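Listing of final.pdb; format and content: PDB, C-alpha atoms, pLDDT in the B column.
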ATOM      1  CA  MET O  28       0.000   0.000   0.000  1.00 95.00           C
ATOM      2  CA  TYR O  29       1.151   3.522  -0.796  1.00 97.00           C
ATOM      3  CA  LYS O  30      -0.250   6.665   0.810  1.00 98.00           C
ATOM      4  CA  TYR O  31       0.544  10.286   0.179  1.00 98.00           C
ATOM      5  CA  ILE O  32      -1.020  13.229   2.004  1.00 98.00           C
ATOM      6  CA  SER O  33      -0.883  16.663   0.423  1.00 98.00           C
ATOM      7  CA  LYS O  34      -1.641  19.689   2.534  1.00 98.00           C
ATOM      8  CA  ASN O  35      -2.285  22.073  -0.357  1.00 98.00           C
ATOM      9  CA  GLU O  36      -2.525  22.402  -4.126  1.00 97.00           C
ATOM     10  CA  LYS O  37       1.239  22.857  -4.496  1.00 98.00           C
ATOM     11  CA  GLU O  38       1.905  19.512  -2.781  1.00 98.00           C
ATOM     12  CA  THR O  39      -0.827  17.850  -4.857  1.00 98.00           C
ATOM     13  CA  ASN O  40       0.869  19.177  -7.990  1.00 98.00           C
ATOM     14  CA  GLU O  41       4.213  17.776  -6.796  1.00 98.00           C
ATOM     15  CA  PHE O  42       2.575  14.372  -6.324  1.00 98.00           C
ATOM     16  CA  ALA O  43       1.018  14.605  -9.811  1.00 98.00           C
ATOM     17  CA  LYS O  44       4.512  15.235 -11.217  1.00 98.00           C
ATOM     18  CA  LYS O  45       5.816  12.208  -9.332  1.00 98.00           C
ATOM     19  CA  ILE O  46       2.956  10.069 -10.683  1.00 97.00           C
ATOM     20  CA  SER O  47       3.504  11.305 -14.251  1.00 96.00           C
ATOM     21  CA  LYS O  48       7.190  10.329 -14.086  1.00 96.00           C
ATOM     22  CA  ALA O  49       6.214   6.859 -12.844  1.00 96.00           C
ATOM     23  CA  LEU O  50       3.567   6.250 -15.525  1.00 94.00           C
ATOM     24  CA  LYS O  51       4.172   3.700 -18.232  1.00 93.00           C
ATOM     25  CA  LYS O  52       2.425   3.485 -21.558  1.00 93.00           C
ATOM     26  CA  GLY O  53      -0.545   1.156 -21.324  1.00 93.00           C
ATOM     27  CA  TYR O  54      -1.502   2.085 -17.763  1.00 96.00           C
ATOM     28  CA  VAL O  55      -5.223   2.486 -17.096  1.00 96.00           C
ATOM     29  CA  ILE O  56      -5.814   4.507 -13.940  1.00 97.00           C
ATOM     30  CA  SER O  57      -9.086   4.793 -12.072  1.00 97.00           C
ATOM     31  CA  LEU O  58      -9.348   7.935  -9.956  1.00 98.00           C
ATOM     32  CA  LYS O  59     -11.792   7.182  -7.167  1.00 98.00           C
ATOM     33  CA  GLY O  60     -13.217   9.830  -4.884  1.00 97.00           C
ATOM     34  CA  GLU O  61     -16.332  11.699  -3.907  1.00 96.00           C
ATOM     35  CA  MET O  62     -17.642  14.646  -5.893  1.00 95.00           C
ATOM     36  CA  GLY O  63     -15.243  17.537  -5.326  1.00 94.00           C
ATOM     37  CA  ALA O  64     -12.324  15.347  -4.237  1.00 96.00           C
ATOM     38  CA  GLY O  65     -10.191  16.756  -7.052  1.00 96.00           C
ATOM     39  CA  LYS O  66     -10.139  13.994  -9.668  1.00 97.00           C
ATOM     40  CA  THR O  67     -10.258  16.360 -12.643  1.00 96.00           C
ATOM     41  CA  THR O  68      -7.824  18.804 -11.038  1.00 97.00           C
ATOM     42  CA  PHE O  69      -5.382  15.955 -10.406  1.00 98.00           C
ATOM     43  CA  THR O  70      -5.782  14.799 -14.026  1.00 98.00           C
ATOM     44  CA  LYS O  71      -5.019  18.358 -15.213  1.00 98.00           C
ATOM     45  CA  MET O  72      -1.871  18.372 -13.083  1.00 98.00           C
ATOM     46  CA  ILE O  73      -0.744  15.030 -14.521  1.00 98.00           C
ATOM     47  CA  ALA O  74      -1.462  16.314 -18.042  1.00 98.00           C
ATOM     48  CA  ASP O  75       0.603  19.428 -17.376  1.00 97.00           C
ATOM     49  CA  SER O  76       3.492  17.233 -16.217  1.00 97.00           C
ATOM     50  CA  LEU O  77       3.205  15.277 -19.479  1.00 96.00           C
ATOM     51  CA  ASN O  78       3.668  18.541 -21.440  1.00 96.00           C
ATOM     52  CA  ILE O  79       0.088  18.583 -22.650  1.00 97.00           C
ATOM     53  CA  LYS O  80      -0.628  22.148 -23.727  1.00 94.00           C
ATOM     54  CA  ASP O  81      -4.384  21.800 -24.298  1.00 94.00           C
ATOM     55  CA  ASN O  82      -6.839  22.968 -21.669  1.00 93.00           C
ATOM     56  CA  VAL O  83      -7.811  19.745 -19.891  1.00 93.00           C
ATOM     57  CA  THR O  84     -11.498  19.707 -19.012  1.00 90.00           C
ATOM     58  CA  SER O  85     -13.805  17.119 -17.527  1.00 88.00           C
ATOM     59  CA  PRO O  86     -15.324  15.010 -20.310  1.00 88.00           C
ATOM     60  CA  THR O  87     -18.566  14.507 -18.374  1.00 80.00           C
ATOM     61  CA  PHE O  88     -20.764  14.970 -21.451  1.00 80.00           C
ATOM     62  CA  SER O  89     -18.467  13.683 -24.195  1.00 83.00           C
ATOM     63  CA  LEU O  90     -17.301  10.833 -21.888  1.00 88.00           C
ATOM     64  CA  VAL O  91     -13.760  10.968 -23.306  1.00 92.00           C
ATOM     65  CA  ASN O  92     -11.159  13.553 -24.300  1.00 94.00           C
ATOM     66  CA  THR O  93      -7.789  12.684 -25.813  1.00 94.00           C
ATOM     67  CA  TYR O  94      -4.724  14.879 -25.378  1.00 96.00           C
ATOM     68  CA  TYR O  95      -1.216  14.709 -26.810  1.00 95.00           C
ATOM     69  CA  GLY O  96       2.040  15.565 -25.056  1.00 94.00           C
ATOM     70  CA  ASN O  97       5.003  13.382 -24.119  1.00 93.00           C
ATOM     71  CA  ILE O  98       2.536  10.510 -24.401  1.00 93.00           C
ATOM     72  CA  GLU O  99      -1.114  10.287 -25.370  1.00 95.00           C
ATOM     73  CA  LEU O 100      -3.552  10.802 -22.492  1.00 96.00           C
ATOM     74  CA  ASN O 101      -7.133   9.544 -22.706  1.00 95.00           C
ATOM     75  CA  HIS O 102      -9.335  11.109 -20.027  1.00 96.00           C
ATOM     76  CA  LEU O 103     -12.694   9.445 -19.393  1.00 94.00           C
ATOM     77  CA  ASP O 104     -15.416  10.611 -17.012  1.00 94.00           C
ATOM     78  CA  LEU O 105     -18.184   8.054 -16.496  1.00 94.00           C
ATOM     79  CA  TYR O 106     -20.173  10.061 -13.934  1.00 93.00           C
ATOM     80  CA  ARG O 107     -23.295  10.478 -16.041  1.00 88.00           C
ATOM     81  CA  LEU O 108     -23.649   6.795 -16.956  1.00 88.00           C
ATOM     82  CA  GLU O 109     -26.890   5.297 -15.735  1.00 86.00           C
ATOM     83  CA  ASP O 110     -25.981   1.782 -16.882  1.00 88.00           C
ATOM     84  CA  GLU O 111     -22.457   0.496 -17.354  1.00 87.00           C
ATOM     85  CA  SER O 112     -23.277  -0.893 -20.806  1.00 87.00           C
ATOM     86  CA  GLU O 113     -23.502   2.720 -22.033  1.00 87.00           C
ATOM     87  CA  VAL O 114     -19.696   2.702 -22.318  1.00 84.00           C
ATOM     88  CA  GLU O 115     -20.143   0.504 -25.386  1.00 85.00           C
ATOM     89  CA  THR O 116     -21.232   3.649 -27.260  1.00 83.00           C
ATOM     90  CA  ILE O 117     -17.678   4.987 -27.036  1.00 83.00           C
ATOM     91  CA  ASP O 118     -15.907   1.660 -27.690  1.00 84.00           C
ATOM     92  CA  ILE O 119     -14.065   1.997 -24.389  1.00 84.00           C
ATOM     93  CA  ASP O 120     -11.613  -0.780 -25.280  1.00 82.00           C
ATOM     94  CA  ASN O 121     -10.161   1.511 -27.948  1.00 82.00           C
ATOM     95  CA  TYR O 122      -8.693   3.664 -25.165  1.00 81.00           C
ATOM     96  CA  TYR O 123      -6.790   0.817 -23.492  1.00 84.00           C
ATOM     97  CA  TYR O 124      -3.692   0.388 -25.581  1.00 78.00           C
ATOM     98  CA  PRO O 125       0.058   0.510 -25.074  1.00 76.00           C
ATOM     99  CA  SER O 126       0.778   3.817 -26.824  1.00 84.00           C
ATOM    100  CA  GLY O 127      -0.715   6.007 -24.110  1.00 93.00           C
ATOM    101  CA  VAL O 128      -2.162   6.328 -20.633  1.00 96.00           C
ATOM    102  CA  THR O 129      -5.865   6.309 -19.765  1.00 96.00           C
ATOM    103  CA  ILE O 130      -7.311   8.031 -16.694  1.00 97.00           C
ATOM    104  CA  VAL O 131     -10.906   7.172 -15.785  1.00 96.00           C
ATOM    105  CA  GLU O 132     -13.007   9.174 -13.343  1.00 97.00           C
ATOM    106  CA  TRP O 133     -16.000   7.379 -11.805  1.00 95.00           C
ATOM    107  CA  ALA O 134     -14.713   4.035 -13.129  1.00 94.00           C
ATOM    108  CA  GLU O 135     -16.798   2.225 -10.522  1.00 94.00           C
ATOM    109  CA  ARG O 136     -19.786   2.877 -12.816  1.00 93.00           C
ATOM    110  CA  ALA O 137     -18.353   0.472 -15.405  1.00 93.00           C
ATOM    111  CA  LEU O 138     -16.002  -1.896 -13.589  1.00 92.00           C
ATOM    112  CA  ASN O 139     -16.831  -4.793 -15.912  1.00 92.00           C
ATOM    113  CA  TYR O 140     -15.396  -2.769 -18.797  1.00 92.00           C
ATOM    114  CA  LEU O 141     -12.036  -2.005 -17.196  1.00 93.00           C
ATOM    115  CA  PRO O 142      -8.977  -4.116 -17.881  1.00 93.00           C
ATOM    116  CA  ARG O 143      -8.247  -6.633 -15.145  1.00 92.00           C
ATOM    117  CA  ASP O 144      -5.004  -4.919 -14.127  1.00 94.00           C
ATOM    118  CA  TYR O 145      -6.180  -1.309 -13.894  1.00 96.00           C
ATOM    119  CA  ILE O 146      -4.609   0.931 -11.264  1.00 97.00           C
ATOM    120  CA  GLU O 147      -6.910   2.506  -8.692  1.00 98.00           C
ATOM    121  CA  ILE O 148      -5.875   5.718  -6.974  1.00 98.00           C
ATOM    122  CA  SER O 149      -8.285   6.789  -4.240  1.00 98.00           C
ATOM    123  CA  ILE O 150      -8.468  10.494  -3.452  1.00 99.00           C
ATOM    124  CA  ASN O 151      -9.841  11.255  -0.014  1.00 98.00           C
ATOM    125  CA  LYS O 152     -10.768  14.831   0.822  1.00 97.00           C
ATOM    126  CA  LEU O 153      -9.397  15.539   4.306  1.00 97.00           C
ATOM    127  CA  GLY O 154      -9.997  19.295   4.324  1.00 95.00           C
ATOM    128  CA  GLU O 155     -10.486  22.253   2.000  1.00 95.00           C
ATOM    129  CA  THR O 156      -7.105  21.705   0.305  1.00 95.00           C
ATOM    130  CA  GLU O 157      -5.768  18.600   2.072  1.00 98.00           C
ATOM    131  CA  ARG O 158      -5.985  15.280   0.207  1.00 98.00           C
ATOM    132  CA  GLU O 159      -4.957  11.697   0.860  1.00 99.00           C
ATOM    133  CA  PHE O 160      -3.955   9.586  -2.148  1.00 99.00           C
ATOM    134  CA  VAL O 161      -4.013   5.798  -1.703  1.00 98.00           C
ATOM    135  CA  ILE O 162      -2.825   3.000  -3.984  1.00 98.00           C
ATOM    136  CA  GLU O 163      -3.659  -0.376  -2.437  1.00 95.00           C
ATOM    137  CA  GLY O 164      -1.274  -2.586  -4.430  1.00 93.00           C
ATOM    138  CA  LYS O 165      -3.914  -5.204  -5.201  1.00 94.00           C
ATOM    139  CA  ASN O 166      -2.516  -6.250  -8.599  1.00 96.00           C
ATOM    140  CA  ASN O 167       0.833  -6.345 -10.404  1.00 95.00           C
ATOM    141  CA  LYS O 168       0.468  -2.973 -12.125  1.00 95.00           C
ATOM    142  CA  GLU O 169      -0.424  -1.251  -8.848  1.00 96.00           C
ATOM    143  CA  LYS O 170       2.568  -2.909  -7.186  1.00 96.00           C
ATOM    144  CA  GLU O 171       4.762  -1.823 -10.096  1.00 96.00           C
ATOM    145  CA  LEU O 172       3.555   1.781  -9.809  1.00 96.00           C
ATOM    146  CA  ILE O 173       4.142   1.770  -6.042  1.00 97.00           C
ATOM    147  CA  GLU O 174       7.721   0.579  -6.624  1.00 96.00           C
ATOM    148  CA  ARG O 175       8.256   3.325  -9.207  1.00 95.00           C
ATOM    149  CA  LEU O 176       6.986   5.938  -6.715  1.00 96.00           C
ATOM    150  CA  LYS O 177       9.452   4.942  -3.976  1.00 91.00           C
TER     151      LYS O 177
END
As structure tokens, how would this structure be written, given the file I've shared?
Amino acid sequence: MYKYISKNEKETNEFAKKISKALKKGYVISLKGEMGAGKTTFTKMIADSLNIKDNVTSPTFSLVNTYYGNIELNHLDLYRLEDESEVETIDIDNYYYPSGVTIVEWAERALNYLPRDYIEISINKLGETEREFVIEGKNNKEKELIERLK
């Protein structure tokens, strides 16, 4: 298990930089957290660290946005799904490939459509700006990421 507590946005940004350096092509990351936990903000920070110049926005209505920087970043937001089978409309499997990284917000709404070895990062809101990031290490890719973060 890996835990990181940030006290403010600057520390969260430093952690996003650390994550972006540890990412490998082909990673699928689920950002789990309550509304307002900072999933989209954290994704923006990761994108910035990957030299993505586009304005990263939440793809709540389009479901997916793709950005290009050091590596391709697919950003999915499944919040508005009422049934997990709705992800079939975007051919979600097309975003899980080894040439980029995929970050999924609200992935718990379509768990049956995630690859078996996805990485889950939980974001717990501890205060107005304080956040706890947790990676459990429940599969090989999570364990690999934890090792790369040490």
Go through O:Met72, O:Ala49, O:Ala137, O:Val83 and flag the residue nearest Arg107 of chain O, using all atoms listed in the file for the distances. O:Ala137
With distances taken over all atoms listed in the file, which residue among O:Tyr140, O:Tyr106, O:Phe160, O:Tyr124 lies nearest Gly53 of chain O?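 Once distances to Gly53 of chain O are computed over all atoms listed in the file, the minimum belongs to O:Tyr124.
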Excluding Asn121 of chain O and its own-chain neighbours fewer than 5 positions away, which residues fall within 12 Å of it when counting all atoms listed in the file? Please give them as a PyMOL selection string. chain O and resi 53+55+91+93+101+103+114-116+126-129+140-142
Can those selected residues be exported to a file as a PDB file, in the coordinates of the input so that it contains C-alpha atoms?
ATOM      1  CA  GLY O  53      -0.545   1.156 -21.324  1.00 93.00           C
ATOM      2  CA  VAL O  55      -5.223   2.486 -17.096  1.00 96.00           C
ATOM      3  CA  VAL O  91     -13.760  10.968 -23.306  1.00 92.00           C
ATOM      4  CA  THR O  93      -7.789  12.684 -25.813  1.00 94.00           C
ATOM      5  CA  ASN O 101      -7.133   9.544 -22.706  1.00 95.00           C
ATOM      6  CA  LEU O 103     -12.694   9.445 -19.393  1.00 94.00           C
ATOM      7  CA  VAL O 114     -19.696   2.702 -22.318  1.00 84.00           C
ATOM      8  CA  GLU O 115     -20.143   0.504 -25.386  1.00 85.00           C
ATOM      9  CA  THR O 116     -21.232   3.649 -27.260  1.00 83.00           C
ATOM     10  CA  SER O 126       0.778   3.817 -26.824  1.00 84.00           C
ATOM     11  CA  GLY O 127      -0.715   6.007 -24.110  1.00 93.00           C
ATOM     12  CA  VAL O 128      -2.162   6.328 -20.633  1.00 96.00           C
ATOM     13  CA  THR O 129      -5.865   6.309 -19.765  1.00 96.00           C
ATOM     14  CA  TYR O 140     -15.396  -2.769 -18.797  1.00 92.00           C
ATOM     15  CA  LEU O 141     -12.036  -2.005 -17.196  1.00 93.00           C
ATOM     16  CA  PRO O 142      -8.977  -4.116 -17.881  1.00 93.00           C
TER      17      PRO O 142
END
Quick one: which residues end up in the PyMOL selection byres ((chain O and resi 33) around 10) for this structure, as a PyMOL selection string? chain O and resi 31-32+34-42+153+156-160
To one decimal in Å, tell me the separation between atom CA of Leu77 of chain O and atom CA of Gly65 of chain O.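 So the answer is 18.3 Å.
Of the listed residues (O:Lys80, O:His102, O:Lys177, O:Arg136), O:His102 comes nearest to Tyr123 of chain O; the distances count all atoms listed in the file.
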Residue with smallest distance to Arg175 of chain O - pool O:Leu50, O:Lys44, O:Asp120, O:Glu99, counting only C-alpha atoms: O:Leu50
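Straight-line separation from atom CA of Ile146 of chain O to atom CA of Tyr54 of chain O: 7.3 Å.
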Apply the PyMOL selection byres ((chain O and resi 131) around 7) to the structure shown and report the selected residues as a ChimeraX atom specification. /O:56-58,102-104,129-130,132-134
Take the residues from that selection and put them in a file with C-alpha atoms, as a PDB file, in the coordinates of the input.
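Once everything was written out, this is selection.pdb:
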ATOM      1  CA  ILE O  56      -5.814   4.507 -13.940  1.00 97.00           C
ATOM      2  CA  SER O  57      -9.086   4.793 -12.072  1.00 97.00           C
ATOM      3  CA  LEU O  58      -9.348   7.935  -9.956  1.00 98.00           C
ATOM      4  CA  HIS O 102      -9.335  11.109 -20.027  1.00 96.00           C
ATOM      5  CA  LEU O 103     -12.694   9.445 -19.393  1.00 94.00           C
ATOM      6  CA  ASP O 104     -15.416  10.611 -17.012  1.00 94.00           C
ATOM      7  CA  THR O 129      -5.865   6.309 -19.765  1.00 96.00           C
ATOM      8  CA  ILE O 130      -7.311   8.031 -16.694  1.00 97.00           C
ATOM      9  CA  GLU O 132     -13.007   9.174 -13.343  1.00 97.00           C
ATOM     10  CA  TRP O 133     -16.000   7.379 -11.805  1.00 95.00           C
ATOM     11  CA  ALA O 134     -14.713   4.035 -13.129  1.00 94.00           C
TER      12      ALA O 134
END
Rounded to one decimal in Å, what is the spacing between atom CA of Lys168 of chain O and atom CA of Ser149 of chain O?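 Calculated distance between atom CA of Lys168 of chain O and atom CA of Ser149 of chain O is 15.3 Å.
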Answer key for the PyMOL selection byres ((chain O and resi 96) around 7), residues as a PDB file with C-alpha atoms, in the frame of the given file:
ATOM      1  CA  LEU O  77       3.205  15.277 -19.479  1.00 96.00           C
ATOM      2  CA  ASN O  78       3.668  18.541 -21.440  1.00 96.00           C
ATOM      3  CA  ILE O  79       0.088  18.583 -22.650  1.00 97.00           C
ATOM      4  CA  TYR O  94      -4.724  14.879 -25.378  1.00 96.00           C
ATOM      5  CA  TYR O  95      -1.216  14.709 -26.810  1.00 95.00           C
ATOM      6  CA  ASN O  97       5.003  13.382 -24.119  1.00 93.00           C
ATOM      7  CA  ILE O  98       2.536  10.510 -24.401  1.00 93.00           C
ATOM      8  CA  GLU O  99      -1.114  10.287 -25.370  1.00 95.00           C
TER       9      GLU O  99
END
Quick one: residues within 9 Å of Gly164 of chain O, all atoms listed in the file, excluding same-chain residues fewer than 5 positions away - as a list of chain:residue names? O:Met28, O:Tyr29, O:Ile146, O:Glu147, O:Glu169, O:Lys170, O:Glu171, O:Leu172, O:Ile173
Can you write just those residues out, C-alpha atoms, as a PDB file, keeping the file's coordinate frame?
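Final output, part_34.pdb:
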ATOM      1  CA  MET O  28       0.000   0.000   0.000  1.00 95.00           C
ATOM      2  CA  TYR O  29       1.151   3.522  -0.796  1.00 97.00           C
ATOM      3  CA  ILE O 146      -4.609   0.931 -11.264  1.00 97.00           C
ATOM      4  CA  GLU O 147      -6.910   2.506  -8.692  1.00 98.00           C
ATOM      5  CA  GLU O 169      -0.424  -1.251  -8.848  1.00 96.00           C
ATOM      6  CA  LYS O 170       2.568  -2.909  -7.186  1.00 96.00           C
ATOM      7  CA  GLU O 171       4.762  -1.823 -10.096  1.00 96.00           C
ATOM      8  CA  LEU O 172       3.555   1.781  -9.809  1.00 96.00           C
ATOM      9  CA  ILE O 173       4.142   1.770  -6.042  1.00 97.00           C
TER      10      ILE O 173
END
